[in-house]
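What follows is a short report on a single structure.
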Amino acid sequence: MARIKILQVGCGAMGTALRQGLMQQQDNHLIVVDPHVDLSKTAVTSVDQLPADYQPDIILFAIKPQIAAEVLPKYSIFNRPGVTFVSIMTGISTARIKQYLNLTDDAFVVRAMPNLALVIGQGMTGIYAPPTLPQDLQYKINRLFSAVGQVMWMEDEDQLNIVTAISGSGPAYFFYLAEMLAKSAKGLGLSDDVANQLARQTLIGAGAMLSSMPESATQLRANVTSPGGTTAAAISVFDQSEVLGNLLLKAVTAAYNRAKELST
């Protein structure tokens, strides 16, 4: 397989994790553009420093969406056949990306929504691409994000807003649960250190079980919940009027609506 030439624009937290994953794939040739990093021969501080004849296969935008209008037009020089543009910017639509880059309607623009867990190689990335994206390009992009976790392809672009609300924001929900478990333990009389360690390791262990065992989350929960036991007493509180399920749905819906508001 020919080496895939990737030009990555931006190397913040997400960009650094992607770079590390891509560098582990031997058939990638990666150059990073970022004015704030020093990566020796693998990076430049400006697009103007690239060789005049440089032709990437994929340009990956890993920058904050707030600077998209300033940064993206500089890369319109790569508006050539054979170049695919990939963005992990939240809220910047494929239509707006094409506008910034002065692309034609038939140019390939792909959006990906990874989450924070990609920094440890356990990310969840939702990807949307136009139906016309060739299969070989889909394979290359799938492989790119598989380097830092799991990948799911979305049928339409609006579904990326759902991805944002579920897996994009999801780690924060998980950490919030850890906070609340620890807070409850402290309220019952445990010290801060003990409460925090109990909450942290409990969720780490449960997540590992969910990852490694074939049963569904529903079945795993049932396995822990003995009839008439302590877990059942707690679950019965959650189940009253489906308070937890309704609250979570309300929270996720708020995140989804905000993602749609931010989409341009």
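By convention here, the chains of the structure tokens are called A, B, ... in the order presented, each chain's residues are numbered starting at 1, and ligands are numbered starting at 1 in the order presented.
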
What are the closest atom pairs, with distances in Å to one decimal, for all residues of region 164-252 of chain A lying within 12 Å of region 89-108 of chain A? Consider only C-alpha atoms, order rows by chain and residue number, and present the result as JSON lines.
{"residue": "A:Thr164", "atom": "CA", "partner": "A:Thr90", "partner_atom": "CA", "distance": 8.1}
{"residue": "A:Ala165", "atom": "CA", "partner": "A:Thr90", "partner_atom": "CA", "distance": 11.2}
{"residue": "A:Gly168", "atom": "CA", "partner": "A:Thr90", "partner_atom": "CA", "distance": 9.6}
{"residue": "A:Ser169", "atom": "CA", "partner": "A:Thr90", "partner_atom": "CA", "distance": 11.5}

Kindly save the residues from that selection, with N, CA and C atoms included, as a compact mmCIF listing (two decimals), in the first residue's frame.
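As written to disk, out.txt reads:
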# COMPACT_ATOMS: atom_id res chain seq x y z
N THR A 164 -22.13 13.97 19.40
CA THR A 164 -21.56 14.96 20.32
C THR A 164 -22.22 14.88 21.70
N ALA A 165 -23.55 14.74 21.72
CA ALA A 165 -24.29 14.71 22.98
C ALA A 165 -24.07 13.42 23.76
N GLY A 168 -19.37 12.37 22.71
CA GLY A 168 -18.51 13.54 22.85
C GLY A 168 -18.54 14.09 24.25
N SER A 169 -19.74 14.31 24.78
CA SER A 169 -19.90 14.83 26.14
C SER A 169 -19.94 13.72 27.18

Check your understanding: Leaving out Lys74 (chain A) and any residue of its chain fewer than 3 positions from it, which residues lie within 9 Å of it when counting only C-alpha atoms, given as a list of chain:residue names?
Key -> A:Val47, A:Asp48, A:Glu70, A:Val71, A:Ile77, A:Tyr100, A:Leu101

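Separating CA of Leu144 (chain A) from CA of Gln159 (chain A) is a distance of 20.5 Å.
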
Exercise for review: Can you work out the spacing between CA of Asp239 (chain A) and CA of Asn115 (chain A) in Å, to one decimal?
Suggested key: 29.3 Å

Exercise for review: State, in Å with one decimal place, the distance from CA of Ala232 (chain A) to CA of Asp193 (chain A).
Suggested key: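 Pair CA of Ala232 (chain A) / CA of Asp193 (chain A) returns 27.0 Å.
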
Review point. As a VMD selection string, which residues of region 22-210 of chain A does DSSP assign to helix (DSSP H, G or I)?
Key: chain A and resid 22 to 23 40 to 42 47 to 49 65 to 78 94 to 101 116 to 120 135 to 146 159 to 168 170 to 187 192 to 210
